[in-house]
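So this one's start-v1.cif, mmCIF, C-alpha atoms and all ligand atoms:
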```cif
data_protein
loop_
_atom_site.label_atom_id
_atom_site.label_comp_id
_atom_site.auth_asym_id
_atom_site.auth_seq_id
_atom_site.Cartn_x
_atom_site.Cartn_y
_atom_site.Cartn_z
CA MET A 29 -46.54 83.91 22.75
CA LYS A 30 -48.07 83.38 26.18
CA VAL A 31 -49.74 80.01 26.70
CA LEU A 32 -52.12 79.08 29.51
CA VAL A 33 -51.98 75.37 30.30
CA ILE A 34 -55.06 73.84 31.95
CA ASN A 35 -55.13 70.37 33.51
CA ALA A 36 -58.70 69.85 34.66
CA GLY A 37 -59.43 66.82 36.85
CA SER A 38 -62.76 65.73 38.27
CA SER A 39 -62.32 67.79 41.45
CA SER A 40 -59.19 69.81 40.73
CA MET A 41 -57.73 72.21 38.20
CA LYS A 42 -54.00 72.77 37.76
CA TYR A 43 -52.87 75.69 35.65
CA GLN A 44 -49.73 77.41 34.44
CA LEU A 45 -49.15 80.52 32.35
CA LEU A 46 -45.93 80.33 30.34
CA ASN A 47 -44.11 82.91 28.29
CA MET A 48 -42.95 80.83 25.35
CA GLU A 49 -40.37 83.42 24.24
CA ASP A 50 -38.08 82.00 26.94
CA GLU A 51 -40.30 79.17 28.26
CA SER A 52 -40.48 80.87 31.66
CA VAL A 53 -43.37 80.36 34.09
CA MET A 54 -45.31 83.58 34.72
CA ALA A 55 -47.93 82.11 37.03
CA THR A 56 -48.95 78.71 38.30
CA GLY A 57 -51.19 77.05 40.84
CA LEU A 58 -54.11 74.80 41.48
CA VAL A 59 -57.66 74.66 42.69
CA GLU A 60 -58.51 71.56 44.71
CA ARG A 61 -61.59 69.96 46.21
CA ILE A 62 -63.96 71.56 43.70
CA GLY A 63 -67.54 70.88 44.81
CA GLU A 64 -66.62 70.03 48.41
CA ALA A 65 -67.59 72.16 51.42
CA THR A 66 -64.14 73.78 51.57
CA GLY A 67 -61.92 73.98 48.54
CA LYS A 68 -58.35 75.21 48.24
CA MET A 69 -57.12 77.81 45.75
CA ILE A 70 -53.44 78.42 45.23
CA TYR A 71 -51.88 81.00 42.92
CA LYS A 72 -48.17 81.74 42.52
CA LYS A 73 -46.75 84.59 40.49
CA PHE A 74 -43.26 84.17 39.00
CA PRO A 75 -42.51 80.97 40.98
CA ASP A 76 -38.92 80.22 42.00
CA THR A 77 -37.77 83.78 41.27
CA ASP A 78 -37.08 86.80 43.50
CA ALA A 79 -40.43 88.21 42.42
CA GLU A 80 -42.38 85.17 43.69
CA ALA A 81 -45.67 85.95 45.41
CA LYS A 82 -48.26 83.47 46.63
CA VAL A 83 -51.98 83.68 47.29
CA GLU A 84 -53.73 80.84 49.12
CA ARG A 85 -57.43 80.70 49.94
CA ASP A 86 -59.61 78.08 51.60
CA ASP A 87 -63.15 78.62 50.42
CA HIS A 88 -66.04 76.83 48.76
CA VAL A 89 -65.41 76.33 45.04
CA PRO A 90 -68.79 75.15 43.74
CA ASP A 91 -67.73 74.06 40.25
CA HIS A 92 -65.13 74.27 37.49
CA ARG A 93 -66.55 77.62 36.35
CA ALA A 94 -65.70 79.09 39.75
CA ALA A 95 -62.23 77.50 39.56
CA MET A 96 -61.58 79.01 36.13
CA HIS A 97 -62.88 82.40 37.41
CA PHE A 98 -60.26 82.28 40.16
CA VAL A 99 -57.51 81.54 37.62
CA VAL A 100 -58.58 84.36 35.27
CA ASP A 101 -59.08 86.85 38.12
CA MET A 102 -55.67 86.11 39.67
CA ILE A 103 -53.72 86.20 36.41
CA LYS A 104 -54.94 89.74 35.72
CA ASP A 105 -55.29 90.85 39.34
CA ALA A 106 -54.15 94.43 39.97
CA GLU A 107 -51.72 93.38 42.73
CA TYR A 108 -50.74 89.78 41.91
CA GLY A 109 -51.51 89.58 38.20
CA VAL A 110 -48.94 89.12 35.44
CA ILE A 111 -50.98 90.40 32.48
CA LYS A 112 -53.60 93.13 32.03
CA ASP A 113 -55.98 91.46 29.63
CA MET A 114 -56.69 87.81 28.85
CA ASN A 115 -56.32 88.64 25.15
CA GLU A 116 -52.57 88.80 25.82
CA VAL A 117 -52.78 84.99 26.08
CA GLY A 118 -52.08 83.55 22.63
CA ALA A 119 -53.54 80.10 23.26
CA ILE A 120 -54.81 77.72 25.91
CA GLY A 121 -53.41 74.18 25.99
CA HIS A 122 -55.60 71.53 27.64
CA ARG A 123 -54.43 68.19 28.93
CA VAL A 124 -56.81 65.50 27.71
CA VAL A 125 -56.16 62.00 29.06
CA HIS A 126 -57.68 59.87 26.31
CA GLY A 127 -57.55 60.53 22.59
CA SER A 128 -58.38 56.93 21.59
CA ASP A 129 -56.89 56.30 18.14
CA TYR A 130 -58.81 59.19 16.59
CA PHE A 131 -56.13 61.68 17.57
CA LYS A 132 -52.63 61.14 16.16
CA SER A 133 -51.43 64.61 17.20
CA SER A 134 -52.43 67.57 19.34
CA VAL A 135 -55.29 69.53 17.74
CA LEU A 136 -56.98 72.90 17.66
CA VAL A 137 -60.31 72.47 19.45
CA ASP A 138 -63.51 73.03 17.48
CA GLU A 139 -67.01 71.60 17.85
CA ALA A 140 -66.07 68.41 15.94
CA VAL A 141 -63.04 67.79 18.20
CA LYS A 142 -65.17 68.28 21.32
CA GLU A 143 -67.68 65.83 19.93
CA VAL A 144 -64.99 63.17 19.44
CA ILE A 145 -63.57 63.74 22.95
CA ARG A 146 -67.11 63.24 24.28
CA LYS A 147 -67.46 60.06 22.23
CA ILE A 148 -64.31 58.69 23.87
CA ILE A 149 -65.75 59.19 27.40
CA PRO A 150 -66.58 55.45 27.82
CA LEU A 151 -62.82 54.72 27.47
CA ALA A 152 -61.90 57.32 30.13
CA PRO A 153 -65.03 57.95 32.20
CA LEU A 154 -63.10 59.53 35.08
CA HIS A 155 -60.95 61.85 32.98
CA ASN A 156 -62.36 63.01 29.66
CA PRO A 157 -65.51 64.66 31.07
CA SER A 158 -63.45 67.11 33.14
CA ALA A 159 -61.22 67.91 30.15
CA ILE A 160 -64.33 68.87 28.16
CA THR A 161 -65.51 70.98 31.10
CA GLY A 162 -62.12 72.72 31.18
CA VAL A 163 -62.37 73.56 27.48
CA GLU A 164 -65.94 74.83 27.84
CA MET A 165 -65.02 77.02 30.81
CA ALA A 166 -62.08 78.46 28.87
CA GLU A 167 -64.31 79.18 25.88
CA GLU A 168 -66.81 80.93 28.15
CA LEU A 169 -64.46 82.93 30.36
CA ILE A 170 -61.56 83.50 27.96
CA PRO A 171 -63.35 84.00 24.63
CA ASN A 172 -61.48 84.68 21.38
CA VAL A 173 -58.39 82.73 22.53
CA PRO A 174 -57.81 79.42 20.67
CA ASN A 175 -57.90 76.15 22.64
CA VAL A 176 -55.61 73.23 21.84
CA ALA A 177 -56.13 69.66 23.08
CA VAL A 178 -52.97 67.73 24.03
CA PHE A 179 -53.59 64.03 24.63
CA ASP A 180 -51.74 61.63 26.99
CA THR A 181 -52.22 58.90 24.39
CA VAL A 182 -50.81 60.59 21.26
CA PHE A 183 -47.10 59.82 21.80
CA HIS A 184 -47.93 56.11 21.88
CA GLN A 185 -49.93 56.16 18.64
CA THR A 186 -46.83 55.04 16.72
CA MET A 187 -46.97 51.56 18.33
CA PRO A 188 -47.32 48.76 15.77
CA GLU A 189 -50.35 46.47 15.84
CA ARG A 190 -48.33 43.63 17.35
CA ALA A 191 -47.74 45.80 20.41
CA PHE A 192 -51.12 47.48 20.75
CA LEU A 193 -53.52 44.62 20.00
CA TYR A 194 -54.63 42.26 22.75
CA ALA A 195 -54.85 38.58 21.87
CA VAL A 196 -58.64 38.52 22.11
CA PRO A 197 -61.26 38.32 19.34
CA ARG A 198 -60.44 41.12 16.90
CA SER A 199 -64.02 42.31 16.88
CA LEU A 200 -63.37 43.75 20.36
CA TYR A 201 -60.88 46.13 18.75
CA GLU A 202 -62.84 46.75 15.59
CA GLU A 203 -66.17 47.35 17.31
CA GLN A 204 -65.28 48.49 20.83
CA LYS A 205 -61.80 49.99 20.30
CA VAL A 206 -60.35 47.62 22.92
CA ARG A 207 -56.55 47.90 22.52
CA ARG A 208 -53.46 49.23 24.28
CA TYR A 209 -53.29 53.05 24.14
CA GLY A 210 -50.77 53.99 26.81
CA PHE A 211 -50.72 57.15 28.95
CA HIS A 212 -48.28 59.73 30.40
CA GLY A 213 -47.38 60.35 26.73
CA THR A 214 -46.62 64.02 27.33
CA SER A 215 -44.10 63.11 30.00
CA HIS A 216 -42.49 60.26 28.03
CA LYS A 217 -42.13 62.53 24.99
CA TYR A 218 -40.71 65.40 27.04
CA VAL A 219 -38.00 63.36 28.78
CA ALA A 220 -37.13 61.47 25.59
CA GLN A 221 -36.56 64.77 23.79
CA GLN A 222 -34.64 66.16 26.74
CA VAL A 223 -32.28 63.19 26.92
CA ALA A 224 -31.50 63.53 23.20
CA THR A 225 -30.76 67.25 23.62
CA LEU A 226 -28.62 66.59 26.69
CA MET A 227 -26.65 63.87 24.89
CA GLY A 228 -26.20 66.11 21.83
CA LYS A 229 -27.99 63.63 19.56
CA LYS A 230 -31.12 63.54 17.45
CA LEU A 231 -33.93 61.59 19.14
CA GLU A 232 -34.60 59.96 15.73
CA GLU A 233 -31.18 58.34 16.04
CA MET A 234 -31.64 57.02 19.58
CA ASN A 235 -33.23 54.09 21.38
CA VAL A 236 -34.46 55.06 24.83
CA ILE A 237 -36.49 53.52 27.65
CA THR A 238 -38.41 56.12 29.65
CA VAL A 239 -39.56 55.24 33.18
CA HIS A 240 -42.26 57.50 34.66
CA LEU A 241 -42.78 56.68 38.33
CA GLY A 242 -45.38 58.90 40.03
CA ASN A 243 -48.65 57.92 41.66
CA GLY A 244 -49.30 56.30 38.32
CA CYS A 245 -46.31 54.47 36.81
CA SER A 246 -45.54 53.60 33.21
CA MET A 247 -42.64 52.85 30.89
CA ALA A 248 -42.15 53.39 27.18
CA ALA A 249 -39.80 51.85 24.62
CA VAL A 250 -38.77 54.59 22.18
CA LYS A 251 -37.05 53.40 18.99
CA ASN A 252 -35.53 56.01 16.70
CA GLY A 253 -37.63 58.65 18.43
CA LYS A 254 -40.94 56.80 18.10
CA CYS A 255 -42.78 54.93 20.83
CA VAL A 256 -42.96 51.23 19.92
CA ASP A 257 -44.39 49.88 23.19
CA THR A 258 -45.64 51.09 26.53
CA SER A 259 -46.73 49.44 29.76
CA MET A 260 -50.16 51.00 30.36
CA GLY A 261 -53.01 49.61 28.32
CA MET A 262 -56.53 50.49 27.28
CA THR A 263 -56.67 52.22 30.67
CA PRO A 264 -53.96 53.39 33.11
CA LEU A 265 -54.43 50.23 35.20
CA ALA A 266 -52.04 47.98 33.26
CA GLY A 267 -48.29 47.42 33.49
CA LEU A 268 -46.19 48.41 36.48
CA MET A 269 -47.22 48.13 40.10
CA MET A 270 -48.42 51.58 41.25
CA GLY A 271 -49.47 53.41 44.42
CA THR A 272 -52.96 51.89 44.50
CA ARG A 273 -53.22 50.19 41.08
CA SER A 274 -52.39 46.52 40.51
CA GLY A 275 -50.72 46.81 37.11
CA ASP A 276 -50.50 43.51 35.20
CA ILE A 277 -52.53 40.66 36.59
CA ASP A 278 -53.84 37.34 35.28
CA PRO A 279 -57.31 38.31 33.98
CA ALA A 280 -58.68 35.01 35.29
CA VAL A 281 -58.18 36.36 38.83
CA LEU A 282 -61.08 38.73 38.19
CA THR A 283 -63.60 36.02 37.34
CA TYR A 284 -62.28 33.87 40.18
CA VAL A 285 -62.63 36.68 42.73
CA GLY A 286 -66.02 37.67 41.33
CA GLU A 287 -67.27 34.14 41.78
CA HIS A 288 -65.64 33.19 45.07
CA LYS A 289 -65.79 36.50 46.91
CA ASN A 290 -69.10 37.42 45.35
CA MET A 291 -67.80 40.80 44.21
CA SER A 292 -69.50 42.90 41.54
CA VAL A 293 -67.66 44.23 38.47
CA GLU A 294 -67.63 47.71 40.06
CA GLU A 295 -66.20 46.36 43.32
CA ILE A 296 -63.46 44.51 41.46
CA ASP A 297 -62.69 47.65 39.44
CA THR A 298 -62.41 49.68 42.66
CA MET A 299 -60.22 47.02 44.27
CA LEU A 300 -57.78 46.97 41.33
CA ASN A 301 -57.63 50.76 40.97
CA LYS A 302 -57.80 51.94 44.58
CA GLU A 303 -56.91 49.10 46.95
CA SER A 304 -54.09 47.32 45.12
CA GLY A 305 -50.49 48.11 44.13
CA LEU A 306 -48.23 49.24 47.00
CA LYS A 307 -51.29 49.85 49.17
CA GLY A 308 -52.57 46.32 48.60
CA ILE A 309 -49.29 44.81 49.77
CA CYS A 310 -48.31 47.06 52.71
CA GLY A 311 -51.32 49.30 53.38
CA LEU A 312 -49.49 52.47 52.30
CA ASN A 313 -49.31 54.10 48.90
CA ASP A 314 -46.97 57.05 49.42
CA MET A 315 -43.41 55.94 48.76
CA ARG A 316 -42.00 58.22 51.49
CA ASP A 317 -44.17 56.54 54.14
CA ILE A 318 -43.20 53.10 52.83
CA HIS A 319 -39.47 53.88 53.14
CA GLU A 320 -39.96 55.17 56.65
CA LYS A 321 -41.66 51.97 57.80
CA ALA A 322 -39.31 49.72 55.80
CA ALA A 323 -36.35 51.41 57.51
CA ARG A 324 -37.90 50.47 60.86
CA GLY A 325 -37.95 46.85 59.70
CA ASP A 326 -41.53 46.47 58.47
CA ALA A 327 -41.56 43.29 56.36
CA SER A 328 -44.61 44.11 54.22
CA CYS A 329 -43.15 47.52 53.27
CA LYS A 330 -39.86 45.86 52.30
CA LEU A 331 -41.79 43.34 50.20
CA ALA A 332 -43.80 46.11 48.51
CA LEU A 333 -40.52 47.83 47.54
CA GLU A 334 -39.09 44.57 46.19
CA MET A 335 -42.20 43.87 44.13
CA PHE A 336 -42.35 47.44 42.80
CA SER A 337 -38.70 47.39 41.67
CA TYR A 338 -38.87 43.82 40.34
CA ARG A 339 -41.73 44.68 37.97
CA ILE A 340 -39.78 47.66 36.58
CA ARG A 341 -36.73 45.42 36.04
CA LYS A 342 -38.85 42.92 34.10
CA TYR A 343 -40.08 45.68 31.79
CA LEU A 344 -36.54 47.05 31.37
CA GLY A 345 -35.43 43.63 30.14
CA ALA A 346 -38.44 43.25 27.86
CA TYR A 347 -38.02 46.71 26.32
CA ALA A 348 -34.26 46.31 25.86
CA VAL A 349 -35.05 43.25 23.73
CA VAL A 350 -37.87 45.07 21.89
CA LEU A 351 -35.41 47.88 21.02
CA GLY A 352 -32.51 45.58 20.11
CA SER A 353 -29.97 48.18 21.19
CA LEU A 354 -30.24 50.76 23.92
CA ASP A 355 -28.66 54.24 24.24
CA ALA A 356 -30.30 55.62 27.37
CA VAL A 357 -32.69 54.95 30.22
CA VAL A 358 -34.48 57.90 31.83
CA PHE A 359 -36.17 58.00 35.24
CA THR A 360 -38.74 60.73 35.91
CA ALA A 361 -41.72 61.88 38.08
CA GLY A 362 -42.12 61.89 41.88
CA ILE A 363 -40.49 58.53 42.63
CA GLY A 364 -38.19 58.47 39.58
CA GLU A 365 -36.70 61.87 40.47
CA ASN A 366 -36.62 61.63 44.25
CA ASP A 367 -36.17 58.04 45.28
CA ASP A 368 -32.56 56.86 45.18
CA ILE A 369 -33.43 53.61 46.95
CA VAL A 370 -35.95 52.52 44.32
CA ARG A 371 -33.57 53.59 41.52
CA SER A 372 -30.77 51.52 43.00
CA MET A 373 -33.04 48.51 43.56
CA VAL A 374 -34.11 48.71 39.90
CA LEU A 375 -30.66 49.32 38.44
CA ARG A 376 -28.45 46.98 40.49
CA ASP A 377 -26.72 44.10 38.67
CA LEU A 378 -27.78 45.05 35.16
CA ASP A 379 -24.52 44.21 33.39
CA CYS A 380 -26.64 42.14 31.00
CA LEU A 381 -28.17 45.40 29.69
CA GLY A 382 -24.94 47.43 29.75
CA ILE A 383 -26.19 49.56 32.65
CA GLU A 384 -23.78 50.31 35.47
CA LEU A 385 -25.17 52.49 38.25
CA ASP A 386 -22.88 54.99 39.99
CA LEU A 387 -24.05 54.82 43.61
CA ASP A 388 -22.61 58.25 44.44
CA LYS A 389 -24.21 60.02 41.49
CA ASN A 390 -27.49 58.29 42.25
CA LYS A 391 -27.61 59.58 45.83
CA GLY A 392 -30.50 61.71 47.05
CA ARG A 393 -33.29 63.68 45.40
CA ILE A 394 -32.36 64.94 41.96
CA LYS A 395 -33.69 68.37 41.02
CA ALA A 396 -31.93 68.93 37.69
CA SER A 397 -31.18 66.52 34.85
CA LYS A 398 -28.27 64.28 35.72
CA VAL A 399 -26.50 61.07 34.62
CA ILE A 400 -26.53 58.45 37.38
CA SER A 401 -24.59 55.73 35.55
CA THR A 402 -20.80 55.39 35.64
CA ASP A 403 -18.61 56.92 32.92
CA ALA A 404 -17.92 53.38 31.70
CA SER A 405 -21.59 52.39 31.55
CA ARG A 406 -22.49 51.52 27.93
CA VAL A 407 -26.08 52.69 28.44
CA LYS A 408 -26.33 56.16 29.94
CA THR A 409 -28.88 56.25 32.72
CA TRP A 410 -30.44 59.60 33.57
CA VAL A 411 -32.79 61.28 35.99
CA ILE A 412 -34.65 64.03 34.13
CA PRO A 413 -37.36 66.02 35.94
CA THR A 414 -40.53 65.86 33.87
CA ASN A 415 -42.37 69.01 32.85
CA GLU A 416 -45.73 68.14 31.39
CA GLU A 417 -46.96 71.74 31.46
CA LEU A 418 -44.03 72.93 29.35
CA GLN A 419 -44.53 70.06 26.91
CA ILE A 420 -48.26 70.90 26.61
CA ALA A 421 -47.34 74.55 25.97
CA ARG A 422 -44.77 73.52 23.33
CA GLU A 423 -47.36 71.31 21.60
CA THR A 424 -49.88 74.16 21.75
CA VAL A 425 -47.47 76.58 20.05
CA ALA A 426 -46.62 73.94 17.41
CA VAL A 427 -50.33 73.40 16.59
CA LEU A 428 -50.90 77.13 16.14
CA LYS A 429 -47.82 77.57 13.95
CA HIS A 430 -48.81 74.66 11.73
P1 LIG B 501 -48.51 62.25 40.06
O1 LIG B 501 -48.53 60.98 39.28
O2 LIG B 501 -49.74 62.44 40.90
O3 LIG B 501 -48.12 63.47 39.26
P2 LIG B 501 -45.91 62.53 41.32
O4 LIG B 501 -45.13 62.48 40.06
O5 LIG B 501 -45.95 63.79 42.09
O6 LIG B 501 -47.38 61.98 41.13
O7 LIG B 501 -45.33 61.36 42.27
C1 LIG B 501 -45.95 61.02 43.47
C2 LIG B 501 -45.11 59.93 44.12
O8 LIG B 501 -43.78 60.41 44.32
C3 LIG B 501 -45.64 59.48 45.48
O9 LIG B 501 -45.60 58.06 45.57
C4 LIG B 501 -44.60 60.05 46.44
O10 LIG B 501 -44.44 59.25 47.54
C5 LIG B 501 -43.34 60.02 45.59
N1 LIG B 501 -42.34 60.93 46.15
C6 LIG B 501 -42.35 62.26 46.22
N2 LIG B 501 -41.25 62.71 46.88
C7 LIG B 501 -40.53 61.61 47.21
C8 LIG B 501 -39.30 61.38 47.90
N3 LIG B 501 -38.58 62.39 48.38
N4 LIG B 501 -38.88 60.11 48.05
C9 LIG B 501 -39.60 59.09 47.57
N5 LIG B 501 -40.76 59.23 46.91
C10 LIG B 501 -41.22 60.47 46.73
#
```

Translate the structure described by the file into C-alpha cells.
Amino acid sequence: MKVLVINAGSSSMKYQLLNMEDESVMATGLVERIGEATGKMIYKKFPDTDAEAKVERDDHVPDHRAAMHFVVDMIKDAEYGVIKDMNEVGAIGHRVVHGSDYFKSSVLVDEAVKEVIRKIIPLAPLHNPSAITGVEMAEELIPNVPNVAVFDTVFHQTMPERAFLYAVPRSLYEEQKVRRYGFHGTSHKYVAQQVATLMGKKLEEMNVITVHLGNGCSMAAVKNGKCVDTSMGMTPLAGLMMGTRSGDIDPAVLTYVGEHKNMSVEEIDTMLNKESGLKGICGLNDMRDIHEKAARGDASCKLALEMFSYRIRKYLGAYAVVLGSLDAVVFTAGIGENDDIVRSMVLRDLDCLGIELDLDKNKGRIKASKVISTDASRVKTWVIPTNEELQIARETVAVLKH
C-alpha cells in the first residue's frame, strides 16, 4: 500500500509518500510560508537514491488548498511524478498534535472524529485547526482515499492517574480536561520500538527512557512497552528547557511577573513560549549557533548549555526511579542525533544509573542507529534517528487493516 503522510502546520505543510511494501520514500517535501507574500514549495522524488530529482519554487501560496494542490500535482506530474493517479494512494495519514483523552489510538477520520478534533481546539489552538484543514483539503482534492488521524498524544495515554493529574482541584480535570497529555508521542513510540528491535528484544519486556531533543524537547519513561510518564504537560510548554520554551517553572512566577511587570496573560504566554528556554538565557535558540559562541568563550551560551543538559539529567534520574530498572536510553531528533557535546554533558558521570558513555562512539553527528555506551555499560545508550513520517504511515496501515 502507498501512504501519503501530511503534517499540516499553521503556515506550512510537510508531506511524504511512502511505499509500505518496503517502507521506502517515493516522494517528500514541504510547502512553507503559506499565506505570506512569497512562499516556498519543495518536492523531492525518490530522495537519497540515484533517481533523486528536486523541484523548488518560490511563489505565493495563498492557502492550504493551494499547498495541497502543489503536492497532488507534483506527485502525479508527467516528468517528476511517482504515480499516475491519486487513487493509487491507499490512505492518507495526518499528524494531529492533540487528541486530548478522547483518542486512545489512531483512527479512521469521519465526521464524528473531525468534530472531536475541533472540540479539542482550545487545548491546542495553534495546532489542531491546521490539522483539520489538512484533512479537509485531502478530502476535497484526493477524494475516495481514506484519511487516518495519528495523534502526538496517543502514546502517552497509558500514563496512570498519579502521573497525569496535576495537584490542583480535580474539577479542573473533570470539567476542563486540565491534565498532563504529553507530545512527540509518534517519535517516542518509533524510537522505543526501534531500540527493542535493534536489541533483539520485545518492547513489552523492556524499560526504556526516550529523549527527544529538537526545537521542542521531551522525555518519556516507557515501562514494559507502555509510556508511564512524560515531561511535556497539558501543552508542549512543560518539562525540559527548549529552544524558546521555558519548560518547568514555578507557577507563582507567572502571577508575580503579571503583577510586578504589569504583563497580560497573553504577554506572559508569549514570553514563556517564544522568549524563554535557550533564547531567554543566551539570546540564541539554535544549538549550532550556541556551540559556536560558547566555543569562543561566551559565558551566557555556556550557561545555557549547562542548564539545558542539567534539566535532562534531572529527568533521567527521576525516570530511572519511576521505572525501577532500566534497559536502554535513546537520544533522538535534531539535537539528540547531531550534538555530541550535549550528549556527553548529559551522560557524564552517570555510574549511579549504570550508564557509561563511550566518548569515541559518541563522537560527531550520528546518521544511523548506534550504541554510544561502552560494552561494559549496564544500560545501553543509543542514538536512533527518529522517523515520524514512517511511524505515521505504519499507524495508518494498522488502522486500515484493523
Ligand atoms: P523540530 O523539533 O522542529 O523537528 P529538529 O528535530 O529538526 O526540530 O531539531 C532542531 C534542533 O536541532 C535545533 O536546535 C538545531 O540547532 C539542532 N541541530 C541540528 N543540527 C545540529 C548539529 N549538527 N549540532 C547541534 N544541533 C543541531

Skip A:Leu381 itself and residues of its chain fewer than 6 positions away, then list as a compact mmCIF listing (two decimals) with C-alpha atoms, in the frame of the given file all residues within 9 Å of it, counting all atoms listed in the file.
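Output contents, as saved in around37.txt:
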```
# COMPACT_ATOMS: atom_id res chain seq x y z
CA LEU A 344 -36.54 47.05 31.37
CA GLY A 345 -35.43 43.63 30.14
CA ALA A 348 -34.26 46.31 25.86
CA LEU A 354 -30.24 50.76 23.92
CA ARG A 406 -22.49 51.52 27.93
CA VAL A 407 -26.08 52.69 28.44
```

With stretch 222-239 of chain A as the partner and 9 Å as the cut-off, tabulate the residues of stretch 368-415 of chain A that qualify, each row holding the nearest pair of atoms and their distance in Å to one decimal, using all atoms listed in the file, sorted by chain and rising number, as JSON lines.
```
{"residue": "A:Ser397", "atom": "CA", "partner": "A:Leu226", "partner_atom": "CA", "distance": 8.6}
{"residue": "A:Trp410", "atom": "CA", "partner": "A:Val223", "partner_atom": "CA", "distance": 7.8}
{"residue": "A:Ile412", "atom": "CA", "partner": "A:Val223", "partner_atom": "CA", "distance": 7.6}
```

Dump of C-alpha atoms for the selected residues, as a PDB file, keeping the file's coordinate frame:
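Contents of out-v1.pdb, as written:
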```pdb
ATOM      1  CA  SER A 397     -31.180  66.520  34.850  1.00  0.00           C
ATOM      2  CA  TRP A 410     -30.440  59.600  33.570  1.00  0.00           C
ATOM      3  CA  ILE A 412     -34.650  64.030  34.130  1.00  0.00           C
TER       4      ILE A 412
END
```

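A straight line drawn from atom CA of A:Met114 to atom CA of A:His155 is 26.6 Å long.
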
**OP:** Write out as a PyMOL selection string each polymer residue (protein, DNA or RNA) that has an atom no more than 7 Å from ligand LIG 501 (chain B), with only C-alpha atoms and all ligand atoms counted.
**Re:** chain A and resi 241-244+271+313-316+361-363+366-367+393

**OP:** Determine, counting only C-alpha atoms, which protein, DNA and RNA residues have an atom within 10 Å of an atom of A:Arg190; residues of the same chain fewer than 4 positions away are not included. Present the result as a list in words.
**Re:** Tyr194, Ala195, Val256 and Asp257 of chain A

Please report, as JSON lines, each residue of stretch 75-117 of chain A lying at most 10 Å from stretch 35-38 of chain A, together with the nearest pair of atoms and the separation in Å rounded to one decimal; use only C-alpha atoms, and order rows by chain and ascending residue number.
```
{"residue": "A:Asp91", "atom": "CA", "partner": "A:Ser38", "partner_atom": "CA", "distance": 9.9}
{"residue": "A:His92", "atom": "CA", "partner": "A:Ala36", "partner_atom": "CA", "distance": 8.3}
{"residue": "A:Ala95", "atom": "CA", "partner": "A:Ala36", "partner_atom": "CA", "distance": 9.7}
{"residue": "A:Met96", "atom": "CA", "partner": "A:Ala36", "partner_atom": "CA", "distance": 9.7}
```

Subject >> Atomic distance atom CA of A:Asn156 - atom CA of A:Val135, expressed in Å with one decimal >> reply: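 Interatomic distance here is 15.3 Å.
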
Kindly provide, as AutoDock Vina command-line options, the centre and edge lengths (Å, one decimal) of an axis-aligned box around all atoms of stretch 223-231 of chain A given in the file, with 6 Å on each side.
```
--center_x -30.1 --center_y 64.4 --center_z 22.2 --size_x 19.7 --size_y 17.7 --size_z 21.5
```

Name the residues in contact with A:Asn172 at a cut-off of 10 Å, using only C-alpha atoms, excluding same-chain residues fewer than 3 positions from it; report them as an mmCIF file with C-alpha atoms, in the frame of the given file.
```cif
data_model
loop_
_atom_site.group_PDB
_atom_site.id
_atom_site.type_symbol
_atom_site.label_atom_id
_atom_site.label_comp_id
_atom_site.auth_asym_id
_atom_site.auth_seq_id
_atom_site.Cartn_x
_atom_site.Cartn_y
_atom_site.Cartn_z
ATOM 1 C CA MET A 114 -56.690 87.810 28.850
ATOM 2 C CA ASN A 115 -56.320 88.640 25.150
ATOM 3 C CA VAL A 117 -52.780 84.990 26.080
ATOM 4 C CA GLY A 118 -52.080 83.550 22.630
ATOM 5 C CA ALA A 119 -53.540 80.100 23.260
ATOM 6 C CA ALA A 166 -62.080 78.460 28.870
ATOM 7 C CA GLU A 167 -64.310 79.180 25.880
ATOM 8 C CA GLU A 168 -66.810 80.930 28.150
ATOM 9 C CA LEU A 169 -64.460 82.930 30.360
ATOM 10 C CA ASN A 175 -57.900 76.150 22.640
#
```

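Between A:His240 and the candidates A:Val411, A:Leu193, A:Val182, A:Leu378, the tightest atom-to-atom separation, counting all atoms listed in the file, involves A:Val411.
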
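Considering the residues A:Val59, A:Val33, A:Ile277, A:Val370 and counting only C-alpha atoms, A:Asn47 has its shortest atom-to-atom contact with A:Val33.
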
Subject >> Option closest in space to A:Val206, from A:Met262, A:Val349, A:Leu333, A:Leu58 [counting all atoms listed in the file] >> reply: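 The closest residue to A:Val206 is A:Met262.
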
Original post:
From the list A:Ile340, A:Val358, A:Ile420, A:Ile400, which residue is nearest A:Met270 when using only C-alpha atoms?
Top reply: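 Distance minimum relative to A:Met270 lands on A:Ile340.
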
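Reported to one decimal place, the separation of atom CA of A:Ala421 from atom CA of A:Val53 is 10.7 Å.
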
Original post:
Within 7 Å of (-54.3, 78.5, 43.0), in the coordinates the file gives, what residues turn up when you count only C-alpha atoms, written out as a list in words?
Top reply: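 All residues meeting the 7 Å criterion around (-54.3, 78.5, 43.0) are Gly57, Leu58, Val59, Met69, Ile70, Tyr71, Lys72, Glu84 and Val99 of chain A.
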
Original post:
List as number ranges by chain: which residues have an atom within 12 Å of (-43.2, 47.5, 35.8), counting all atoms listed in the file?
Top reply: A: 238-241, 244-248, 258-260, 265-270, 273-277, 305, 334-347, 374
